[in-house]
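Student: Sharing model24.txt (compact mmCIF, C-alpha atoms) below.
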# COMPACT_ATOMS: atom_id res chain seq x y z
CA MET A 1 41.60 -64.76 142.45
CA SER A 2 43.91 -64.61 139.48
CA PHE A 3 40.94 -63.84 137.31
CA ILE A 4 40.10 -60.82 139.34
CA LYS A 5 43.67 -59.45 139.06
CA THR A 6 43.65 -59.98 135.33
CA LYS A 7 40.37 -58.05 135.00
CA LEU A 8 41.68 -55.16 137.01
CA LYS A 9 44.77 -54.89 134.81
CA GLN A 10 42.58 -54.83 131.71
CA GLN A 11 40.36 -52.07 133.14
CA LYS A 12 43.40 -49.95 134.17
CA GLY A 13 44.90 -50.21 130.72
CA ILE A 14 41.76 -49.01 129.07
CA THR A 15 41.56 -46.01 131.34
CA LEU A 16 45.10 -44.85 130.52
CA ILE A 17 44.47 -45.22 126.81
CA ALA A 18 41.25 -43.19 127.10
CA LEU A 19 43.09 -40.50 129.00
CA ALA A 20 45.81 -40.32 126.40
CA VAL A 21 43.27 -40.11 123.62
CA THR A 22 41.38 -37.40 125.46
CA ILE A 23 44.54 -35.36 125.92
CA ILE A 24 45.43 -35.69 122.26
CA VAL A 25 41.93 -34.62 121.22
CA LEU A 26 42.10 -31.61 123.56
CA ILE A 27 45.46 -30.59 122.13
CA ILE A 28 44.05 -30.79 118.63
CA LEU A 29 40.99 -28.78 119.59
CA ALA A 30 43.17 -26.19 121.36
CA GLY A 31 45.26 -25.78 118.22
CA ILE A 32 42.17 -25.30 116.14
CA THR A 33 40.81 -22.79 118.68
CA ILE A 34 44.05 -20.81 118.87
CA GLN A 35 44.25 -20.66 115.10
CA GLY A 36 40.64 -19.51 114.93
CA VAL A 37 41.18 -16.79 117.50
CA PHE A 38 44.69 -15.54 116.80
CA GLY A 39 45.26 -16.66 113.20
CA GLU A 40 45.42 -14.48 110.10
CA ASP A 41 41.68 -14.57 109.67
CA GLY A 42 40.97 -15.25 113.30
CA LEU A 43 38.56 -13.60 115.65
CA VAL A 44 41.14 -11.17 117.05
CA GLN A 45 42.15 -9.93 113.62
CA GLN A 46 38.52 -9.65 112.60
CA ALA A 47 37.78 -7.69 115.77
CA LYS A 48 40.64 -5.29 115.04
CA GLU A 49 39.40 -4.75 111.50
CA THR A 50 35.85 -4.20 112.74
CA LYS A 51 37.12 -1.67 115.29
CA ASN A 52 39.12 0.29 112.73
CA LYS A 53 36.23 0.25 110.27
CA THR A 54 33.83 1.47 112.94
CA LEU A 55 36.19 4.28 114.02
CA GLY A 56 36.61 5.33 110.40
CA GLU A 57 32.90 5.48 109.88
CA LEU A 58 32.46 7.48 113.09
CA THR A 59 35.16 9.99 112.03
CA SER A 60 33.69 10.28 108.58
CA GLY A 61 30.30 10.87 110.08
CA LYS A 62 31.65 13.51 112.44
CA ASP A 63 33.36 15.33 109.58
CA GLY A 64 30.16 15.16 107.65
CA ILE A 65 28.30 16.73 110.55
CA TYR A 66 30.82 19.57 110.65
CA ASP A 67 30.54 20.00 106.89
CA LEU A 68 26.78 20.19 107.19
CA LYS A 69 27.09 22.72 110.00
CA ASP A 70 29.45 24.92 107.95
CA GLU A 71 27.17 24.73 104.93
CA TYR A 72 24.19 25.68 107.08
CA ASN A 73 26.00 28.73 108.48
CA ARG A 74 27.09 29.81 105.00
CA ILE A 75 23.55 29.56 103.67
CA MET A 76 22.09 31.46 106.63
CA THR A 77 24.73 34.24 106.33
CA PHE A 78 23.94 34.61 102.64
CA THR A 79 20.22 34.65 103.36
CA ASN A 80 20.56 37.30 106.08
CA SER A 81 22.66 39.44 103.71
CA ILE A 82 19.95 39.26 101.09
CA GLU A 83 17.32 40.24 103.66
CA GLU A 84 19.38 43.25 104.74
CA VAL A 85 19.89 44.39 101.16
CA ASN A 86 16.18 43.99 100.50
CA GLU A 87 15.55 46.42 103.36
CA ILE A 88 18.29 49.04 102.79
CA GLY A 89 20.06 47.87 99.64
CA PRO A 90 22.64 49.99 97.81
CA GLY A 91 20.12 50.77 95.10
CA GLY A 92 17.22 51.36 97.47
CA PRO A 93 14.51 49.13 98.98
CA GLY A 94 13.89 45.87 97.19
CA VAL A 95 17.36 45.49 95.69
CA ASN A 96 18.56 41.99 96.49
CA GLU A 97 21.84 41.70 94.66
CA ILE A 98 24.99 41.55 96.76
CA ASP A 99 28.59 40.73 96.12
CA PRO A 100 29.56 37.93 98.53
CA SER A 101 33.24 38.60 97.76
CA ILE A 102 33.14 41.94 99.61
CA PRO A 103 34.62 41.47 103.11
CA GLU A 104 32.65 42.52 106.17
CA GLU A 105 35.40 44.91 107.31
CA SER A 106 37.47 46.80 104.77
CA GLU A 107 40.96 48.10 105.40
CA THR A 108 41.45 51.64 106.68
CA PRO A 109 41.53 53.94 103.62
CA LYS A 110 44.92 55.44 102.79
CA VAL A 111 45.18 59.13 101.96
CA GLU A 112 47.33 58.55 98.90
CA ASP A 113 44.70 56.18 97.45
CA ILE A 114 41.62 58.35 97.98
CA LYS A 115 42.77 61.89 97.14
CA GLY A 116 40.17 63.61 95.02
CA GLY A 117 37.75 60.71 95.49
CA GLU A 118 34.28 60.50 96.95
CA ALA A 119 33.12 62.22 100.12
CA PHE A 120 32.63 60.09 103.20
CA LYS A 121 29.06 59.63 104.37
CA GLU A 122 30.06 59.67 108.04
CA LYS A 123 33.10 60.35 110.19
CA THR A 124 35.81 58.00 108.95
CA LYS A 125 39.34 57.19 110.03
CA VAL A 126 42.00 57.28 107.33
CA VAL A 127 45.76 56.84 107.52
CA ASP A 128 48.62 58.50 105.72
CA SER A 129 51.56 56.62 104.18
CA LYS A 130 53.34 56.68 107.56
CA GLY A 131 50.42 55.18 109.47
CA ASN A 132 49.27 58.42 111.10
CA GLU A 133 45.53 58.45 111.80
CA ILE A 134 43.28 61.26 110.61
CA TRP A 135 39.53 61.56 111.12
CA VAL A 136 37.55 62.92 108.18
CA PRO A 137 34.05 64.25 108.98
CA GLY A 138 31.02 63.18 106.98
CA GLY A 139 30.37 65.21 103.85
CA PHE A 140 34.10 65.82 103.26
CA LYS A 141 36.67 64.17 101.01
CA ILE A 142 40.45 64.24 100.86
CA ALA A 143 41.31 67.12 98.52
CA SER A 144 43.05 66.23 95.27
CA ASP A 145 46.04 68.42 96.15
CA SER A 146 46.32 67.23 99.75
CA GLY A 147 49.68 66.10 100.99
CA ASP A 148 50.24 62.37 101.35
CA THR A 149 51.39 62.67 104.95
CA VAL A 150 50.60 64.62 108.09
CA GLN A 151 53.96 66.34 107.81
CA GLN A 152 53.10 67.59 104.33
CA GLY A 153 49.58 68.62 105.38
CA ILE A 154 46.32 66.69 105.06
CA VAL A 155 43.60 68.74 103.34
CA ILE A 156 39.90 67.93 103.38
CA GLU A 157 37.30 69.52 101.11
CA ASP A 158 33.62 70.15 101.75
CA VAL A 159 31.42 68.28 99.31
CA SER A 160 28.07 68.14 101.10
CA ALA A 161 28.68 68.98 104.78
CA SER A 162 27.21 72.40 104.06
CA GLY A 163 24.01 72.77 102.09
CA ASP A 164 25.29 76.08 100.72
CA THR A 165 26.92 75.65 97.32
CA ASN A 166 29.11 78.71 97.91
CA VAL A 167 30.51 77.11 101.08
CA GLN A 168 31.02 73.74 99.41
CA GLY A 169 34.53 73.39 98.08
CA SER A 170 36.00 75.00 101.21
CA GLN A 171 39.22 73.38 102.38
CA TYR A 172 40.61 72.75 105.85
CA VAL A 173 43.89 71.35 107.15
CA TRP A 174 44.28 68.68 109.84
CA ILE A 175 46.17 69.80 112.95
CA PRO A 176 47.41 66.71 114.82
CA VAL A 177 47.64 66.70 118.61
CA GLY A 178 50.03 64.25 120.26
CA THR A 179 52.83 62.85 118.14
CA PHE A 180 53.04 61.94 114.47
CA THR A 181 55.49 59.99 112.34
CA LYS A 182 57.46 62.23 110.02
CA ASP A 183 58.33 61.47 106.41
CA ASN A 184 61.81 60.26 107.41
CA GLY A 185 60.35 57.83 109.94
CA SER A 186 61.23 59.83 113.04
CA THR A 187 58.64 60.85 115.61
CA SER A 188 57.62 64.44 116.24
CA GLY A 189 57.71 66.00 119.67
CA ASN A 190 54.53 65.74 121.71
CA ILE A 191 52.09 68.41 120.53
CA VAL A 192 49.92 69.59 123.42
CA LEU A 193 46.72 71.50 122.74
CA GLY A 194 47.34 74.74 124.58
CA ARG A 195 48.17 78.43 124.61
CA TYR A 196 51.81 79.28 124.01
CA THR A 197 54.33 82.05 123.82
CA PHE A 198 57.13 81.81 121.28
CA ASN A 199 60.71 82.94 121.60
CA THR A 200 61.08 86.10 119.50
CA SER A 201 64.45 84.95 118.14
CA THR A 202 64.15 81.19 117.66
CA GLY A 203 60.40 80.61 117.67
CA THR A 204 60.73 77.98 120.39
CA PRO A 205 57.29 77.48 121.97
CA THR A 206 56.63 77.64 125.71
CA LEU A 207 53.38 76.12 126.94
CA LYS A 208 51.54 78.65 129.12
CA GLN A 209 48.19 76.93 129.48
CA ASN A 210 47.26 73.33 128.80
CA ALA A 211 43.78 73.05 127.27
CA ALA A 212 42.88 70.72 130.12
CA ASN A 213 42.92 73.83 132.33
CA TYR A 214 40.67 75.87 130.06
CA THR A 215 38.45 77.04 132.93
CA GLN A 216 41.35 78.97 134.46
CA SER A 217 41.88 82.58 133.36
CA VAL A 218 45.55 82.35 132.47
CA VAL A 219 46.99 85.70 131.35
CA ILE A 220 49.58 85.86 128.59
CA LYS A 221 51.40 89.18 128.48
CA ASP A 222 52.71 90.81 125.37
CA THR A 223 56.51 90.61 125.51
CA ASP A 224 57.17 93.77 123.52
CA TYR A 225 54.70 96.38 124.67
CA ASN A 226 54.36 95.08 128.24
CA TYR A 227 50.80 96.27 128.60
CA GLY A 228 48.72 93.77 126.62
CA GLU A 229 47.15 91.02 128.69
CA TYR A 230 45.36 88.22 126.87
CA THR A 231 43.09 85.47 128.13
CA GLU A 232 40.78 82.88 126.55
CA LEU A 233 37.45 82.96 128.36
CA SER A 234 35.76 79.60 128.88
CA THR A 235 32.14 80.78 128.67
CA TYR A 236 30.37 81.95 125.53
CA ARG A 237 29.19 85.49 124.82
CA GLN A 238 28.22 87.02 121.50
CA GLY A 239 30.14 90.23 122.09
CA ILE A 240 29.17 93.86 121.59
CA VAL A 241 30.22 96.07 118.70
CA SER A 242 31.08 99.46 120.20
CA SER A 243 33.87 102.04 120.23
CA GLY A 244 33.44 102.64 123.96
CA LYS A 245 34.27 100.66 127.06
CA ASP A 246 31.16 98.55 126.60
CA GLY A 247 32.61 97.02 123.45
CA LEU A 248 33.30 93.32 124.06
CA ASN A 249 34.81 90.53 122.02
CA ALA A 250 32.88 87.39 121.20
CA THR A 251 34.28 84.29 122.87
CA ALA A 252 34.47 80.69 121.68
CA LYS A 253 31.02 79.22 121.12
CA ASP A 254 31.77 75.93 122.91
CA LEU A 255 35.34 75.82 124.14
CA LYS A 256 34.79 72.66 126.17
CA GLY A 257 33.20 70.93 123.18
CA PHE A 258 36.18 71.87 121.02
CA ILE A 259 38.70 70.60 123.58
CA ASP A 260 36.78 67.35 124.16
CA SER A 261 36.59 66.76 120.41
CA VAL A 262 40.34 67.22 120.01
CA LYS A 263 40.98 64.77 122.84
CA THR A 264 38.67 62.18 121.26
CA ASN A 265 39.83 62.54 117.66
CA GLY A 266 43.49 63.42 118.14
CA GLY A 267 43.25 66.67 116.20
CA TYR A 268 41.10 69.38 114.62
CA TYR A 269 40.93 71.46 111.43
CA ILE A 270 41.63 75.08 110.60
CA GLY A 271 40.81 76.97 107.42
CA ARG A 272 43.40 76.47 104.70
CA TYR A 273 42.74 80.09 103.67
CA GLU A 274 41.62 83.35 105.21
CA ALA A 275 37.84 83.59 105.06
CA SER A 276 36.05 84.86 101.98
CA TYR A 277 32.40 85.76 101.59
CA ALA A 278 30.05 82.90 100.70
CA SER A 279 26.43 83.97 101.14
CA GLY A 280 23.84 85.70 103.33
CA SER A 281 22.22 89.08 103.68
CA SER A 282 23.16 90.02 107.26
CA THR A 283 25.40 88.91 110.11
CA THR A 284 22.60 86.64 111.33
CA ASN A 285 22.91 84.42 108.26
CA TYR A 286 26.22 85.32 106.62
CA LYS A 287 28.44 82.35 105.77
CA ALA A 288 32.14 82.20 104.96
CA ALA A 289 34.23 80.02 102.68
CA SER A 290 37.79 78.76 103.02
CA LYS A 291 38.94 79.03 99.42
CA ILE A 292 41.40 81.03 97.37
CA SER A 293 39.61 84.37 97.09
CA ASN A 294 38.83 85.72 93.64
CA SER A 295 38.80 89.44 94.49
CA TYR A 296 39.40 91.93 97.30
CA SER A 297 38.67 95.55 98.11
CA GLY A 298 39.43 98.17 100.76
CA ASN A 299 35.76 97.97 101.81
CA MET A 300 33.92 94.70 102.09
CA GLN A 301 31.67 93.97 99.13
CA TYR A 302 29.34 91.03 99.58
CA VAL A 303 30.11 89.09 96.44
CA PRO A 304 30.76 85.33 96.69
CA GLY A 305 34.47 84.62 96.59
CA ARG A 306 35.58 88.09 97.72
CA LEU A 307 38.15 88.19 100.52
CA TRP A 308 36.47 89.07 103.83
CA ASN A 309 38.60 91.97 105.03
CA TYR A 310 36.20 94.40 106.64
CA ILE A 311 34.40 93.09 109.71
CA ALA A 312 34.16 93.61 113.47
CA GLN A 313 35.25 90.74 115.70
CA PRO A 314 31.79 89.97 117.16
CA ASP A 315 30.41 89.78 113.63
CA ALA A 316 33.28 87.57 112.47
CA SER A 317 32.36 85.21 115.30
CA LYS A 318 28.71 85.07 114.18
CA VAL A 319 29.68 84.37 110.58
CA ALA A 320 32.11 81.61 111.57
CA ILE A 321 29.58 79.88 113.83
CA ASN A 322 26.80 80.17 111.27
CA THR A 323 28.82 78.69 108.40
CA TYR A 324 28.27 75.08 109.53
CA ALA A 325 25.41 75.65 111.96
CA GLY A 326 23.20 73.22 110.02
CA SER A 327 25.80 70.49 109.61
CA ASN A 328 25.46 67.11 111.29
CA SER A 329 29.17 66.31 110.92
CA VAL A 330 31.12 69.38 112.04
CA LYS A 331 30.92 72.53 114.12
CA SER A 332 32.59 75.76 113.08
CA ASP A 333 33.81 78.75 115.04
CA LEU A 334 36.13 81.70 114.86
CA ILE A 335 39.60 80.35 115.55
CA ASN A 336 40.59 80.43 119.23
CA SER A 337 44.03 80.90 120.76
CA TYR A 338 44.42 77.19 121.55
CA ALA A 339 43.81 76.32 117.90
CA TRP A 340 46.08 79.09 116.58
CA ASP A 341 49.05 78.42 118.87
CA THR A 342 48.89 74.63 118.54
CA ALA A 343 48.77 74.94 114.76
CA VAL A 344 52.02 76.91 114.84
CA VAL A 345 53.62 74.26 117.08
CA TYR A 346 52.60 71.60 114.53
CA ILE A 347 53.90 73.65 111.60
CA GLN A 348 57.30 73.99 113.25
CA GLU A 349 57.35 70.29 114.23
CA ALA A 350 56.73 69.54 110.56
CA GLY A 351 60.05 71.19 109.71
CA ASN A 352 59.21 74.86 109.16
CA SER A 353 61.65 76.31 111.63
CA ASN A 354 60.86 79.64 113.29
CA TYR A 355 57.60 80.09 111.40
CA ALA A 356 56.37 81.69 114.61
CA ASN A 357 58.37 84.82 113.78
CA LYS A 358 57.71 84.96 110.05
CA THR A 359 56.34 88.29 108.77
CA SER A 360 54.56 89.26 105.57
CA LYS A 361 56.78 89.98 102.60
CA ASN A 362 53.96 91.69 100.72
CA THR A 363 53.07 95.34 101.26
CA THR A 364 49.77 95.27 99.40
CA LEU A 365 46.55 93.38 99.99
CA ALA A 366 46.18 90.24 97.86
CA ASN A 367 43.94 87.27 97.39
CA THR A 368 44.52 84.72 100.09
CA GLY A 369 46.52 81.78 98.80
CA THR A 370 48.55 83.86 96.36
CA ASN A 371 51.29 85.16 98.66
CA ALA A 372 53.73 82.23 98.53
CA ASP A 373 53.12 81.78 102.25
CA GLU A 374 52.06 78.15 102.45
CA VAL A 375 53.26 75.72 105.12
CA CYS A 376 51.73 72.26 105.60
CA LYS A 377 49.12 73.38 103.02
CA ILE A 378 48.05 76.29 105.31
CA ASN A 379 48.13 79.74 103.70
CA ASP A 380 48.82 83.26 105.00
CA MET A 381 49.08 82.82 108.76
CA ALA A 382 52.13 85.08 108.45
CA SER A 383 50.88 87.18 105.57
CA ASN A 384 48.14 89.35 104.10
CA LEU A 385 45.50 89.98 106.80
CA SER A 386 45.95 90.14 110.53
CA GLU A 387 43.27 87.75 111.77
CA LEU A 388 40.67 88.18 114.51
CA THR A 389 40.39 85.46 117.16
CA THR A 390 38.27 84.70 120.22
CA GLU A 391 41.08 85.65 122.62
CA TYR A 392 40.26 88.51 124.99
CA SER A 393 42.38 91.57 125.72
CA ASN A 394 41.60 93.63 128.83
CA PHE A 395 43.73 96.61 127.85
CA ILE A 396 42.16 100.08 128.13
CA ASN A 397 44.23 102.92 126.70
CA ASN A 398 42.17 105.86 127.98
CA VAL A 399 38.82 106.76 129.49
CA ASN A 400 36.98 106.40 126.19
CA ASN A 401 38.25 103.23 124.54
CA ALA A 402 38.74 99.61 125.46
CA PHE A 403 40.58 97.06 123.32
CA PRO A 404 38.92 93.74 124.14
CA CYS A 405 39.76 91.85 120.93
CA THR A 406 42.94 90.12 119.83
CA GLN A 407 44.47 89.85 116.37
CA ARG A 408 46.97 87.20 115.38
CA GLY A 409 49.25 86.68 112.41
CA GLY A 410 51.23 88.72 109.95
CA SER A 411 49.81 91.67 108.04
CA TYR A 412 50.73 93.49 104.87
CA ILE A 413 50.29 96.89 106.57
CA ASP A 414 53.06 96.39 109.16
CA THR A 415 56.10 94.16 108.82
CA TYR A 416 56.33 94.02 112.61
CA TYR A 417 53.31 91.74 112.77
CA CYS A 418 54.39 88.10 112.77
CA THR A 419 52.59 84.75 112.84
CA THR A 420 52.30 84.58 116.64
CA CYS A 421 52.05 88.26 117.58
CA ARG A 422 49.13 89.21 119.81
CA ILE A 423 47.76 92.66 119.07
CA GLU A 424 44.83 94.21 120.94
CA ASP A 425 41.98 95.57 118.85
CA LEU A 426 38.64 97.37 119.07
CA ALA A 427 35.35 95.53 118.74
CA ILE A 428 34.25 97.92 115.99
CA ILE A 429 34.84 98.56 112.32
CA VAL A 430 37.02 101.66 111.89
CA SER A 431 38.81 103.27 108.98
CA TYR A 432 41.77 100.88 109.03
CA GLU A 433 39.69 97.74 109.68
CA PHE A 434 40.13 96.59 106.07
CA ALA A 435 43.44 95.11 107.18
CA TYR A 436 41.74 92.53 109.40
CA GLY A 437 40.27 89.22 108.37
CA PHE A 438 39.51 85.92 110.07
CA ARG A 439 39.86 82.15 109.77
CA LEU A 440 37.52 79.30 110.63
CA CYS A 441 38.17 76.42 112.97
CA LEU A 442 36.36 73.07 112.55
CA TYR A 443 35.87 70.21 114.97
CA MET A 444 33.79 67.02 115.04
Would you write out, as structure tokens, the structure that this file holds?

Tutor:
Amino acid sequence: MSFIKTKLKQQKGITLIALAVTIIVLIILAGITIQGVFGEDGLVQQAKETKNKTLGELTSGKDGIYDLKDEYNRIMTFTNSIEEVNEIGPGGPGVNEIDPSIPEESETPKVEDIKGGEAFKEKTKVVDSKGNEIWVPGGFKIASDSGDTVQQGIVIEDVSASGDTNVQGSQYVWIPVGTFTKDNGSTSGNIVLGRYTFNTSTGTPTLKQNAANYTQSVVIKDTDYNYGEYTELSTYRQGIVSSGKDGLNATAKDLKGFIDSVKTNGGYYIGRYEASYASGSSTTNYKAASKISNSYSGNMQYVPGRLWNYIAQPDASKVAINTYAGSNSVKSDLINSYAWDTAVVYIQEAGNSNYANKTSKNTTLANTGTNADEVCKINDMASNLSELTTEYSNFINNVNNAFPCTQRGGSYIDTYYCTTCRIEDLAIIVSYEFAYGFRLCLYM
């Protein structure tokens, strides 16, 4: 019995020792494991390093993909440019040299930088030094003596818009519609395309007919004689040259087209000078120029450069229309009352106070552009020749004669005539007709 107890004690002691040893071994193994997992070079640290390395490689690969994509796009753009130049290159078909430094879109040309430069190939927007926008038709350039700003007067010059060399070199002045920034930074009043009357003392304009209402027959009465009634007819007719009641004025060729063009482009052009003869052998193909004339005579002599001062209103209309009939960039016509009146409003907004009532200071006929009557680069609206327009007068003075035509502007033969006077006229050349000329109007 005692032997059995002793044996049990021995077995129990061995078990406790084994347990203790096992625990110690486990503790040692745990320490080794913890060190291996969380130590400086352990699994956790290695995992972190592997993660960071993998992320770095992924980012680098992504950037590389983007770099490859950018390089591909650059190569394709360059290739396409070469293909385009091969087709329509600047030197003709087959030219494959391009300048990759040229931007796709250039800045809007500035008037002061391009005066006297090349003609534009197509209608192009330019800006003056005050940011005012001007549209230049194809075949024209900014004249070398143009003003730098709209207030000073923007002048364009025909280089190739007309195929007639005697018409080329003609100059026209931009008439802005709306508002423009003046040289001092202030804003002009709103210029509305329309027919006006002007105060005979101050020149203050009063709008009588907005161009938007061009289909209405609005009558403007002469304020001095009280019998002249003037309208601008909306439909075209060639007119009839006659001393009787059947004599009729020619009307605007396309009044709606003119008004729509002004609305789209924010302005139009009028001749810088009274018309001079350019070329042609009859009224069906006569053409006029807008240049300083080189000669003049009491009777019209058809020599290029001679001031055109002997013509009936219907014929003046034909000549004006024909001058740019073959152009793809502009249309020309005898100046209408909307164009004349609005030009005077602009001139006065540009700082030429009471120009509406200015009269000619010269009592003899002269070459246009030599009378010291230049405002905003426009010459002789108040001087030299009274100018025929497309405005219609319905006045009949007796049973034999009708006066369907309307003259505008100052004249050397009568100091009463002023820039904005409306004077009725016959649709026929008579003995005193040498005092009448005309001016072109251009629109795009």

Student: Closest to Asp254 of chain A among A:Lys318, A:Lys115, A:Lys331, A:Arg439, using all atoms listed in the file?

Tutor: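 Closest to Asp254 of chain A, using all atoms listed in the file: A:Lys331.
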
Student: Skip Ala402 of chain A itself and residues of its chain fewer than 4 positions away, then list as an NGL selection string all residues within 10 Å of it, counting all atoms listed in the file.

Tutor: :A and (242-248 or 393-398 or 424-427)

Student: From the set A:Asn210, A:Thr124, A:Ser276, A:Ser234, which residue has the shortest atom-to-atom contact distance to Ala288 of chain A, counting only C-alpha atoms?

Tutor: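 Closest to Ala288 of chain A, using only C-alpha atoms: A:Ser276.
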
Student: For the atom pair atom CA of Gly228 of chain A and atom CA of Ser337 of chain A, what is the interatomic distance in Å to one decimal place?

Tutor: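 Computing it gives 14.9 Å between the two atoms.
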
Student: In Å, rounded to a single decimal, give me how far atom CA of Leu307 of chain A is from atom CA of Asp164 of chain A.

Tutor: 17.7 Å

Student: Can you tell me, as a PyMOL selection string, which residues sit within 7 Å of (39.2, 85.2, 112.3) in the file's frame, using only C-alpha atoms?

Tutor: chain A and resi 316+334-335+387-389+437-440

Student: Go ahead and fit an axis-aligned box to every listed atom of segment 106-115 of chain A plus 6 Å each side, and pass me the centre and edge lengths in Å, one decimal, as lines of an AutoDock Vina configuration file.

Tutor:
center_x = 42.4
center_y = 54.3
center_z = 101.9
size_x = 21.9
size_y = 27.1
size_z = 21.5

Student: Which of these, A:Asp333, A:Asn384, A:Thr108, A:Gly169, has the shortest distance to Ala372 of chain A once you count all atoms listed in the file?

Tutor: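 The shortest atom-to-atom distance to Ala372 of chain A comes from A:Asn384.
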
Student: Using all atoms listed in the file, pick whichever of A:Ser281, A:Thr231, A:Thr419, A:Thr363 has the shortest atom-to-atom distance to Asp380 of chain A.

Tutor: A:Thr419

Student: Considering all atoms listed in the file, state which residue in the set A:Tyr172, A:Phe140, A:Ala350, A:Leu233 is at the smallest distance from Asn184 of chain A.

Tutor: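 Closest to Asn184 of chain A, using all atoms listed in the file: A:Ala350.
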